[in-house]
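coords_28.txt follows; it contains compact mmCIF, C-alpha atoms and all ligand atoms.
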```
# COMPACT_ATOMS: atom_id res chain seq x y z
CA MET A 27 25.57 6.07 -3.93
CA ASN A 28 25.26 9.18 -1.84
CA ASP A 29 21.96 8.06 -0.42
CA GLY A 30 22.56 8.14 3.31
CA ASN A 31 20.36 9.21 6.14
CA ASN A 32 21.58 12.68 6.91
CA ILE A 33 18.95 14.22 9.14
CA GLY A 34 21.56 15.64 11.50
CA ARG A 35 22.43 18.24 8.92
CA ARG A 36 20.62 21.53 9.38
CA HIS A 37 21.47 23.13 6.04
CA ALA A 38 18.23 22.69 4.15
CA LEU A 39 17.95 23.48 0.49
CA ARG A 40 16.75 26.90 1.58
CA SER A 41 14.74 27.39 -1.47
CA ILE A 42 11.54 28.84 -2.71
CA VAL A 43 9.72 28.81 -5.99
CA THR A 44 7.81 31.73 -7.38
CA ALA A 45 5.58 30.71 -10.23
CA SER A 46 4.47 33.08 -12.95
CA ALA A 47 3.45 32.36 -16.52
CA GLY A 48 5.43 29.16 -16.65
CA PHE A 49 8.54 30.61 -15.08
CA LEU A 50 9.95 29.15 -11.88
CA THR A 51 12.80 30.34 -9.74
CA LEU A 52 14.43 28.38 -6.97
CA GLY A 53 15.78 30.98 -4.55
CA LEU A 54 17.38 30.86 -1.13
CA PRO A 55 15.21 32.08 1.74
CA LYS A 56 15.76 31.49 5.45
CA LEU A 57 15.33 28.15 7.15
CA ALA A 58 12.92 28.07 10.08
CA SER A 59 13.47 25.57 12.85
CA ALA A 60 11.55 22.31 12.67
CA ALA A 61 8.25 22.42 14.48
CA ASN A 62 7.89 18.73 15.21
CA ALA A 63 8.97 15.25 14.28
CA ILE A 64 7.85 11.65 14.07
CA THR A 65 9.76 8.47 14.84
CA PHE A 66 9.72 5.35 12.68
CA PRO A 67 10.02 2.00 14.45
CA PHE A 68 13.60 1.38 13.26
CA ASP A 69 17.07 2.62 14.22
CA ASN A 70 17.68 6.34 13.61
CA GLY A 71 14.01 6.66 12.72
CA LEU A 72 13.52 10.22 13.99
CA ARG A 73 12.26 12.47 11.18
CA GLU A 74 11.67 16.19 11.37
CA LEU A 75 8.56 17.54 9.73
CA THR A 76 9.58 20.39 7.46
CA THR A 77 7.66 23.03 5.53
CA GLU A 78 10.82 24.66 4.15
CA PHE A 79 10.72 23.26 0.64
CA PRO A 80 9.20 25.08 -2.32
CA GLN A 81 5.61 24.17 -3.21
CA LYS A 82 5.51 21.62 -0.40
CA ARG A 83 3.50 21.55 2.78
CA GLU A 84 4.58 19.42 5.73
CA MET A 85 7.02 16.69 4.69
CA LEU A 86 9.29 14.28 6.55
CA LEU A 87 12.89 15.33 6.08
CA LEU A 88 15.38 12.55 5.34
CA ARG A 89 18.00 14.73 3.70
CA SER A 90 18.18 18.31 2.48
CA ARG A 91 20.76 18.26 -0.27
CA PRO A 92 19.90 16.74 -2.60
CA PRO A 93 16.39 16.55 -1.15
CA LEU A 94 14.77 13.39 0.13
CA LEU A 95 11.30 14.24 1.45
CA GLU A 96 8.80 11.61 2.54
CA THR A 97 5.00 11.92 2.49
CA PRO A 98 3.58 11.77 6.04
CA PHE A 99 1.56 8.55 6.08
CA SER A 100 -1.67 10.21 7.25
CA VAL A 101 -1.90 11.88 3.82
CA PHE A 102 -2.76 8.50 2.26
CA ASP A 103 -5.96 8.33 4.30
CA GLN A 104 -7.26 11.55 2.80
CA GLY A 105 -7.91 10.43 -0.75
CA VAL A 106 -6.93 8.13 -3.58
CA PHE A 107 -4.72 10.82 -5.18
CA THR A 108 -1.72 12.21 -3.35
CA PRO A 109 -1.69 16.02 -3.32
CA ASN A 110 1.17 17.61 -5.27
CA ASP A 111 2.22 19.64 -2.25
CA GLN A 112 2.75 16.51 -0.15
CA PHE A 113 4.04 14.22 -2.86
CA TYR A 114 7.40 12.68 -1.90
CA VAL A 115 10.65 13.95 -3.40
CA ARG A 116 13.81 12.11 -4.29
CA TRP A 117 16.90 13.45 -6.09
CA HIS A 118 20.28 11.74 -6.44
CA LEU A 119 22.54 14.56 -7.60
CA ALA A 120 23.36 17.88 -5.96
CA GLY A 121 23.28 19.89 -9.19
CA ILE A 122 19.56 20.58 -9.49
CA PRO A 123 18.80 23.70 -11.56
CA THR A 124 17.75 26.56 -9.31
CA SER A 125 15.53 28.09 -11.93
CA ILE A 126 13.76 26.88 -15.05
CA ASP A 127 12.20 29.09 -17.67
CA ALA A 128 9.52 26.90 -19.23
CA ARG A 129 9.36 29.16 -22.29
CA ASN A 130 12.95 28.36 -23.17
CA PHE A 131 12.96 24.73 -22.01
CA ARG A 132 13.69 22.28 -24.82
CA LEU A 133 13.38 18.50 -25.09
CA ARG A 134 15.87 17.11 -27.60
CA VAL A 135 15.32 13.74 -29.30
CA HIS A 136 18.39 12.42 -31.07
CA GLY A 137 20.65 9.40 -31.68
CA ALA A 138 19.53 6.54 -33.90
CA VAL A 139 16.65 8.52 -35.41
CA ARG A 140 15.88 9.71 -38.92
CA ARG A 141 15.72 13.36 -37.85
CA GLU A 142 16.68 15.08 -34.67
CA VAL A 143 13.70 16.78 -33.02
CA VAL A 144 13.75 19.69 -30.58
CA LEU A 145 10.47 20.41 -28.81
CA GLY A 146 9.35 23.22 -26.54
CA ILE A 147 6.59 22.79 -23.96
CA ALA A 148 4.17 24.64 -26.25
CA ASP A 149 4.99 22.25 -29.13
CA LEU A 150 4.12 19.28 -26.94
CA SER A 151 0.68 20.55 -26.06
CA LYS A 152 -0.09 21.85 -29.54
CA ASP A 153 1.33 19.16 -31.86
CA PHE A 154 0.61 15.94 -29.98
CA GLU A 155 -2.45 14.17 -28.64
CA ARG A 156 -2.88 14.78 -24.95
CA VAL A 157 -3.27 11.74 -22.70
CA GLU A 158 -3.98 11.32 -19.01
CA LEU A 159 -3.39 8.32 -16.77
CA ALA A 160 -3.58 7.62 -13.04
CA ALA A 161 -0.44 5.87 -11.83
CA VAL A 162 1.50 5.15 -8.67
CA ASN A 163 4.99 6.63 -8.49
CA GLN A 164 6.95 4.55 -5.99
CA CYS A 165 10.67 4.64 -5.21
CA ALA A 166 12.29 1.22 -5.55
CA GLY A 167 13.58 1.71 -2.01
CA ASN A 168 10.25 2.67 -0.45
CA SER A 169 10.09 1.12 3.07
CA ARG A 170 13.84 0.40 3.05
CA GLY A 171 14.11 1.45 6.69
CA PHE A 172 12.22 -1.70 7.69
CA PHE A 173 14.79 -4.06 6.17
CA LYS A 174 16.32 -6.47 8.68
CA PRO A 175 19.28 -6.74 8.61
CA ARG A 176 19.48 -3.07 7.74
CA VAL A 177 20.87 -1.99 4.37
CA ALA A 178 22.54 1.18 3.14
CA GLY A 179 20.50 3.82 1.32
CA GLY A 180 17.73 6.30 2.09
CA GLN A 181 15.96 4.99 5.19
CA TRP A 182 12.40 5.52 3.98
CA GLY A 183 9.30 4.59 5.90
CA ASN A 184 6.30 3.72 3.71
CA GLY A 185 5.84 7.22 2.30
CA ALA A 186 8.19 7.17 -0.71
CA MET A 187 5.18 6.61 -2.95
CA GLY A 188 2.23 8.56 -4.27
CA ASN A 189 -0.60 8.34 -6.76
CA ALA A 190 -1.42 11.05 -9.29
CA ARG A 191 -3.20 11.74 -12.54
CA TRP A 192 -0.40 12.40 -15.03
CA THR A 193 -1.12 14.46 -18.13
CA GLY A 194 1.17 14.68 -21.11
CA VAL A 195 1.86 13.11 -24.47
CA ARG A 196 2.80 9.58 -25.46
CA LEU A 197 6.51 8.91 -25.69
CA LYS A 198 5.65 6.76 -28.71
CA ASP A 199 4.28 9.79 -30.57
CA ILE A 200 7.44 11.78 -29.85
CA LEU A 201 9.63 8.91 -31.04
CA ASP A 202 7.51 8.53 -34.19
CA ARG A 203 8.07 12.22 -34.93
CA ALA A 204 11.82 11.61 -34.86
CA GLY A 205 11.56 8.29 -36.71
CA VAL A 206 13.30 5.47 -34.89
CA GLY A 207 16.14 3.93 -36.92
CA SER A 208 16.07 0.21 -37.70
CA GLY A 209 19.06 -0.64 -35.50
CA ALA A 210 17.60 1.01 -32.38
CA ILE A 211 17.39 -1.21 -29.29
CA GLN A 212 16.98 1.16 -26.33
CA VAL A 213 16.00 4.71 -25.43
CA ARG A 214 17.93 6.74 -22.81
CA PHE A 215 16.46 9.53 -20.75
CA ASN A 216 18.39 12.38 -19.14
CA GLY A 217 17.19 15.30 -17.03
CA ALA A 218 18.54 18.79 -16.41
CA ASP A 219 20.18 17.82 -13.10
CA ALA A 220 23.85 16.87 -12.81
CA GLY A 221 26.43 15.89 -10.22
CA ALA A 222 28.28 18.58 -8.31
CA LEU A 223 31.59 17.12 -9.56
CA PRO A 224 32.24 16.22 -13.19
CA ALA A 225 33.27 12.71 -12.07
CA THR A 226 29.77 11.96 -10.71
CA PRO A 227 27.88 9.86 -13.25
CA ASP A 228 24.94 11.83 -14.66
CA PHE A 229 21.53 10.38 -13.78
CA ILE A 230 20.45 8.58 -16.96
CA LYS A 231 17.90 5.78 -17.26
CA THR A 232 17.09 3.52 -20.19
CA LEU A 233 14.11 1.51 -21.44
CA SER A 234 13.98 -1.07 -24.22
CA ILE A 235 12.73 0.28 -27.53
CA ASP A 236 9.56 -1.84 -27.29
CA HIS A 237 8.76 -0.57 -23.82
CA ALA A 238 9.41 3.02 -24.89
CA ARG A 239 6.99 2.54 -27.79
CA ASP A 240 4.24 0.66 -25.94
CA GLY A 241 1.95 3.72 -25.97
CA GLU A 242 1.65 3.80 -22.17
CA VAL A 243 4.89 5.62 -21.31
CA ILE A 244 4.18 9.33 -21.10
CA VAL A 245 6.16 12.55 -21.18
CA ALA A 246 4.11 14.39 -18.58
CA PHE A 247 3.77 18.13 -18.02
CA ALA A 248 1.02 18.01 -15.41
CA MET A 249 0.21 16.15 -12.25
CA ASN A 250 -3.28 16.14 -10.72
CA GLY A 251 -4.27 18.84 -13.19
CA LYS A 252 -1.48 21.29 -12.34
CA PRO A 253 2.04 21.85 -13.66
CA LEU A 254 4.55 19.48 -12.06
CA PRO A 255 5.97 20.88 -8.83
CA PHE A 256 9.58 21.98 -9.30
CA LEU A 257 10.92 19.19 -7.08
CA ASN A 258 8.82 16.56 -8.89
CA GLY A 259 10.44 17.35 -12.20
CA TYR A 260 9.09 20.62 -13.60
CA PRO A 261 8.49 21.14 -16.47
CA LEU A 262 8.59 17.59 -17.96
CA ARG A 263 9.03 14.12 -16.58
CA LEU A 264 8.81 10.59 -17.84
CA VAL A 265 5.95 8.47 -16.45
CA VAL A 266 6.52 4.72 -16.75
CA PRO A 267 3.31 3.12 -15.47
CA GLY A 268 3.80 0.02 -13.36
CA TRP A 269 7.58 0.44 -13.11
CA TYR A 270 9.56 1.76 -10.17
CA SER A 271 10.07 5.49 -10.20
CA THR A 272 13.80 5.34 -10.82
CA TYR A 273 12.80 5.29 -14.53
CA TRP A 274 10.52 8.32 -14.17
CA VAL A 275 13.24 10.81 -15.16
CA LYS A 276 12.50 14.35 -13.95
CA MET A 277 13.24 17.68 -15.70
CA LEU A 278 13.52 15.54 -18.82
CA ASP A 279 15.39 17.42 -21.55
CA ASP A 280 17.16 14.71 -23.52
CA ILE A 281 15.96 11.50 -25.19
CA GLU A 282 18.55 9.46 -27.03
CA VAL A 283 17.71 6.44 -29.16
CA ILE A 284 20.65 4.03 -29.03
CA ASP A 285 21.73 0.98 -30.99
CA THR A 286 24.05 -0.58 -28.41
CA PRO A 287 23.07 -1.60 -24.86
CA ASP A 288 23.40 1.18 -22.29
CA THR A 289 26.17 0.49 -19.77
CA ASN A 290 25.95 3.76 -17.83
CA PHE A 291 26.31 3.64 -14.03
CA TRP A 292 22.60 4.12 -13.23
CA MET A 293 21.60 1.16 -15.39
CA ALA A 294 24.54 -1.23 -15.04
CA LYS A 295 25.60 -0.64 -11.41
CA ALA A 296 22.87 1.13 -9.45
CA TYR A 297 19.30 -0.13 -9.02
CA GLN A 298 20.30 -3.74 -9.66
CA ILE A 299 18.22 -6.48 -8.04
CA PRO A 300 19.06 -10.16 -7.60
CA ASP A 301 17.71 -12.15 -10.54
CA THR A 302 15.76 -14.41 -8.15
CA PRO A 303 12.04 -14.75 -7.41
CA HIS A 304 10.90 -11.52 -5.73
CA ALA A 305 14.49 -10.19 -5.75
CA ASP A 306 15.01 -12.22 -2.58
CA VAL A 307 18.40 -13.45 -1.32
CA LEU A 308 19.86 -14.42 2.05
CA PRO A 309 21.85 -11.71 3.81
CA GLY A 310 25.49 -12.26 2.86
CA GLN A 311 24.67 -14.52 -0.07
CA THR A 312 27.14 -13.95 -2.94
CA GLY A 313 27.50 -14.89 -6.58
CA VAL A 314 23.90 -14.03 -7.47
CA ALA A 315 23.29 -12.62 -10.95
CA THR A 316 21.56 -9.24 -11.02
CA VAL A 317 19.24 -7.37 -13.39
CA PRO A 318 18.04 -3.76 -13.50
CA ILE A 319 14.99 -3.25 -11.27
CA ASN A 320 11.79 -3.12 -13.30
CA ARG A 321 8.10 -3.86 -12.56
CA MET A 322 6.40 -3.08 -9.27
CA VAL A 323 4.73 -5.69 -7.09
CA PRO A 324 1.39 -5.43 -5.23
CA ARG A 325 1.07 -3.63 -1.90
CA SER A 326 -1.69 -2.59 0.49
CA PHE A 327 -1.85 -0.46 3.60
CA ILE A 328 -4.24 0.37 6.42
CA THR A 329 -4.54 4.16 6.61
CA ASN A 330 -7.15 5.08 9.25
CA VAL A 331 -5.60 3.42 12.29
CA SER A 332 -1.95 2.85 13.14
CA ASP A 333 0.10 0.58 15.32
CA GLY A 334 -0.97 1.11 18.93
CA SER A 335 -4.28 2.86 18.10
CA VAL A 336 -6.97 2.42 20.75
CA VAL A 337 -10.40 1.38 19.45
CA ASP A 338 -13.77 1.09 21.25
CA ILE A 339 -14.75 -2.42 22.41
CA ALA A 340 -17.83 -3.83 20.70
CA ARG A 341 -18.33 -0.79 18.48
CA PRO A 342 -18.58 -1.73 14.78
CA GLN A 343 -16.05 0.27 12.83
CA THR A 344 -14.59 0.48 9.38
CA ILE A 345 -10.94 -0.14 8.67
CA ARG A 346 -9.83 1.39 5.40
CA GLY A 347 -6.76 1.92 3.31
CA ILE A 348 -5.16 1.85 -0.11
CA ALA A 349 -3.85 -0.88 -2.37
CA PHE A 350 -2.15 -1.12 -5.72
CA GLY A 351 -1.40 -4.06 -7.96
CA GLY A 352 2.11 -3.06 -9.12
CA ASP A 353 2.27 -3.53 -12.88
CA THR A 354 -1.39 -4.51 -13.14
CA GLY A 355 -4.69 -3.85 -11.36
CA VAL A 356 -5.96 -4.88 -7.93
CA ARG A 357 -8.08 -8.03 -8.11
CA GLU A 358 -8.77 -8.40 -4.42
CA VAL A 359 -7.82 -6.99 -1.03
CA LEU A 360 -8.05 -9.34 1.95
CA PHE A 361 -8.39 -8.12 5.53
CA SER A 362 -7.66 -10.03 8.72
CA ALA A 363 -8.38 -8.95 12.30
CA ASP A 364 -6.91 -12.11 13.87
CA ASP A 365 -3.26 -12.02 12.82
CA GLY A 366 -3.87 -13.76 9.51
CA THR A 367 -5.84 -16.78 10.81
CA SER A 368 -8.90 -15.78 8.78
CA TRP A 369 -9.23 -13.36 5.87
CA THR A 370 -12.27 -11.61 4.44
CA PRO A 371 -12.45 -9.73 1.13
CA ALA A 372 -12.50 -5.98 1.55
CA LYS A 373 -14.87 -3.73 -0.40
CA LEU A 374 -12.96 -1.97 -3.19
CA GLY A 375 -13.46 1.69 -4.01
CA GLN A 376 -13.67 3.35 -7.41
CA ASN A 377 -11.32 1.98 -10.04
CA PHE A 378 -9.13 4.70 -11.57
CA GLY A 379 -7.27 2.27 -13.81
CA LYS A 380 -4.85 -0.55 -13.23
CA TYR A 381 -1.85 1.59 -12.29
CA SER A 382 -3.66 3.68 -9.66
CA PHE A 383 -4.11 3.35 -5.92
CA ARG A 384 -7.45 1.75 -5.11
CA ARG A 385 -9.22 2.48 -1.85
CA TRP A 386 -10.59 -0.42 0.19
CA GLU A 387 -12.59 -0.81 3.40
CA ALA A 388 -13.61 -3.64 5.70
CA PRO A 389 -15.83 -3.89 8.80
CA PHE A 390 -14.19 -4.59 12.15
CA VAL A 391 -15.87 -5.27 15.51
CA PRO A 392 -13.43 -5.71 18.40
CA ARG A 393 -15.53 -8.11 20.49
CA HIS A 394 -13.29 -8.23 23.57
CA ALA A 395 -10.80 -6.03 25.36
CA GLY A 396 -7.14 -6.34 24.42
CA GLN A 397 -4.99 -6.59 21.33
CA PHE A 398 -6.01 -7.29 17.75
CA VAL A 399 -3.44 -7.83 15.01
CA LEU A 400 -4.79 -6.33 11.78
CA LYS A 401 -3.37 -7.37 8.43
CA VAL A 402 -4.08 -6.50 4.83
CA LYS A 403 -3.05 -8.34 1.67
CA ALA A 404 -3.51 -7.35 -1.98
CA VAL A 405 -3.86 -9.81 -4.85
CA ASN A 406 -3.29 -8.33 -8.31
CA ASP A 407 -4.93 -9.16 -11.64
CA ASP A 408 -2.14 -11.62 -12.44
CA GLY A 409 -2.90 -13.50 -9.20
CA THR A 410 0.31 -12.30 -7.54
CA GLN A 411 -0.22 -11.68 -3.84
CA GLN A 412 1.83 -9.99 -1.19
CA PRO A 413 4.10 -12.40 0.66
CA ASP A 414 3.67 -13.16 4.37
CA LYS A 415 7.45 -12.95 4.89
CA PRO A 416 9.55 -9.96 3.83
CA ASN A 417 12.03 -10.30 0.98
CA TRP A 418 15.61 -9.16 1.49
CA ASN A 419 18.31 -7.86 -0.84
CA PRO A 420 21.33 -5.62 -0.28
CA GLY A 421 19.76 -2.67 -2.12
CA GLY A 422 16.67 -2.64 0.10
CA TYR A 423 14.38 -2.85 -2.93
CA MET A 424 10.84 -4.06 -3.62
CA ARG A 425 9.58 -4.54 -0.09
CA ASN A 426 5.93 -5.63 -0.20
CA VAL A 427 5.38 -7.94 2.76
CA VAL A 428 1.82 -8.11 4.15
CA GLU A 429 1.51 -5.16 6.53
CA SER A 430 0.58 -5.83 10.13
CA MET A 431 -0.38 -3.61 13.02
CA THR A 432 -1.65 -4.10 16.56
CA VAL A 433 -4.61 -2.08 17.83
CA VAL A 434 -5.95 -2.21 21.36
CA ALA A 435 -9.66 -2.44 22.19
CA ALA A 436 -10.54 -0.67 25.43
N1 LIG B 501 16.39 13.86 -13.22
C1 LIG B 501 16.16 12.97 -12.23
N2 LIG B 501 15.07 12.21 -12.29
C2 LIG B 501 14.81 11.30 -11.31
C3 LIG B 501 15.71 11.12 -10.23
C4 LIG B 501 16.85 11.95 -10.18
O1 LIG B 501 17.68 11.87 -9.27
N3 LIG B 501 17.05 12.87 -11.20
N4 LIG B 501 15.45 10.17 -9.27
C5 LIG B 501 14.52 9.08 -9.65
C6 LIG B 501 14.09 8.31 -8.51
S1 LIG B 501 15.16 7.13 -7.93
C7 LIG B 501 12.85 8.46 -7.95
S2 LIG B 501 12.35 7.49 -6.67
C8 LIG B 501 11.89 9.44 -8.51
C9 LIG B 501 11.24 10.29 -7.44
O2 LIG B 501 10.23 11.05 -8.00
P1 LIG B 501 9.61 12.27 -7.20
O3 LIG B 501 10.73 13.06 -6.60
O4 LIG B 501 8.78 13.04 -8.14
O5 LIG B 501 8.75 11.66 -6.11
O6 LIG B 501 12.48 10.29 -9.45
C10 LIG B 501 13.30 9.64 -10.39
N5 LIG B 501 13.68 10.56 -11.42
MO MO B 502 14.15 5.90 -6.18
```
Before we go any further, please render this structure as structure tokens.
Ligand SMILES: Nc1nc2c(c(=O)[nH]1)N[C@H]1C(S)=C(S)[C@@H](COP(=O)(O)O)O[C@H]1N2
Ligand SMILES: [Mo]
Amino acid sequence: MNDGNNIGRRHALRSIVTASAGFLTLGLPKLASAANAITFPFDNGLRELTTEFPQKREMLLLRSRPPLLETPFSVFDQGVFTPNDQFYVRWHLAGIPTSIDARNFRLRVHGAVRREVVLGIADLSKDFERVELAAVNQCAGNSRGFFKPRVAGGQWGNGAMGNARWTGVRLKDILDRAGVGSGAIQVRFNGADAGALPATPDFIKTLSIDHARDGEVIVAFAMNGKPLPFLNGYPLRLVVPGWYSTYWVKMLDDIEVIDTPDTNFWMAKAYQIPDTPHADVLPGQTGVATVPINRMVPRSFITNVSDGSVVDIARPQTIRGIAFGGDTGVREVLFSADDGTSWTPAKLGQNFGKYSFRRWEAPFVPRHAGQFVLKVKAVNDDGTQQPDKPNWNPGGYMRNVVESMTVVAA
């Protein structure tokens, strides 16, 4: 996979979007020099902050073409929903359309169906019930940069995730319109992007027919109440609540119901995880069966202090952050200020549904000068909790170890 860390390259996408009446153009303006940068605590962790991408404010630049843009972590302290203009961006293929005319955009539903259906954006909002759901979109490789030993692939920090309110129509309702044939077993999703070379496998993802018809999977046209940003899949994307974002196909224009198992590259070769508990193997271990990555696992983060922050001795303060349960809700968030020796339940913020981020906060009084190791651990509604030791696999997937940071009281 062409997924490397390529920050040395200075050719950014050089693009801009002008929006008018549902029409977007991706043009090629100048590239300003990077104003500043941050450094992650792993090898080659220097990341420029860029504002050169259309409809995006400051983002961490991992790669320009195709774009990999990470959300600066401070954004997660600002609210439970991640703003569209700082929502992370990940594309695999270089052939991203440079302009999309929403008025002429069509979603085609075909294959093992009773009748082929072709829908425009207007048809979706007029002929189908509108639904809205808060859900976390997280790359399967979020936090990959922290894997030890290191693994190939985009070297993300923790910002390849975001939470939004997604508005659209149920995939089930679209499939019902087409009439799924009796032999159907899976549904494949393809977007308007393509590889630069014909030999590059097109980015296509597949769900089982039951999952596709569960009523929760959405074809979304809006995010946080606004049209999807171009780089987040304008004008339509799949939203698969609780599942890693590799299934959330962007610029969705083709849905194919199939009656034989999909063996395309992006299902059969890429995004495979070891078929072991928590996708965990020993580095170098071979002969392990694999399965396509699927459900997310719980995570939690501290957002208002960071590693090395200095806090006032004896002053009561509040530590806060975000948590999510993965494929179900957050039951409990536990906070420790003594490196995991003792844990206290954090106070949970408003519940926006089981697939959303949930804010949490906990009191903290640093009673003496010196270091305090803060930790946070989420337990989801199934009772699954974050592990104290990181998992490892060669793809760098599904990291969700209990996060730890050291603050200094002075
Ligand atoms: N058409 C298309 N959809 C795609 C991808 C892609 O390369 N092309 N990448 C997937 C992956 S791996 C991720 S992590 C998410 C990223 O979503 P975002 O860019 O909106 O944050 O998009 C998914 N949908
Ligand atoms: Mo991803």
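Contacts with ligand MO 502 (chain B) are defined as any residue atom within 10 Å of a ligand atom, using only C-alpha atoms and all ligand atoms; the residues meeting this criterion are A:Asp29, A:Leu94, A:Val115, A:Arg116, A:Trp117, A:His118, A:Asn163, A:Gln164, A:Cys165, A:Ala166, A:Gly167, A:Asn168, A:Gly180, A:Ala186, A:Met187, A:Tyr270, A:Ser271, A:Thr272, A:Tyr273, A:Trp274, A:Tyr297, A:Tyr423.
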List every protein, DNA or RNA residue that has an atom no more than 10 Å from (15.6, 12.9, -18.0) in the file's coordinate frame, counting only C-alpha atoms, and report them as number ranges by chain. A: 133, 214-219, 228-232, 245, 259, 262-264, 273-281
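Of note, CA of Leu95 in chain A and CA of Arg83 in chain A are spaced 10.8 Å apart.
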When you count only C-alpha atoms and all ligand atoms, which of these residues is closest to ligand LIG 501 (chain B): A:Ile200, A:Ala161, A:Leu257, A:Ala349?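 With only C-alpha atoms and all ligand atoms as the atom set, the closest residue is A:Leu257.
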Applying 12 Å and all atoms listed in the file, which residues near Asn250 in chain A remain after dropping the ones on its own chain fewer than 5 positions away? List them as a list of chain:residue names.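 Once the adjacent positions are removed, what remains is A:Val106, A:Phe107, A:Thr108, A:Pro109, A:Asn110, A:Asp111, A:Phe113, A:Glu158, A:Leu159, A:Ala160, A:Ala161, A:Gly188, A:Asn189, A:Ala190, A:Arg191, A:Trp192, A:Thr193, A:Gly194, A:Pro255.
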In Å, rounded to a single decimal, give me how far CA of Gly355 in chain A is from CA of Asn406 in chain A.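 Distance between the two atoms: 5.6 Å.
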Kindly give the distance, in Å, that separates atom C10 of ligand LIG 501 (chain B) and CA of Arg91 in chain A, rounded to a single decimal. 15.2 Å
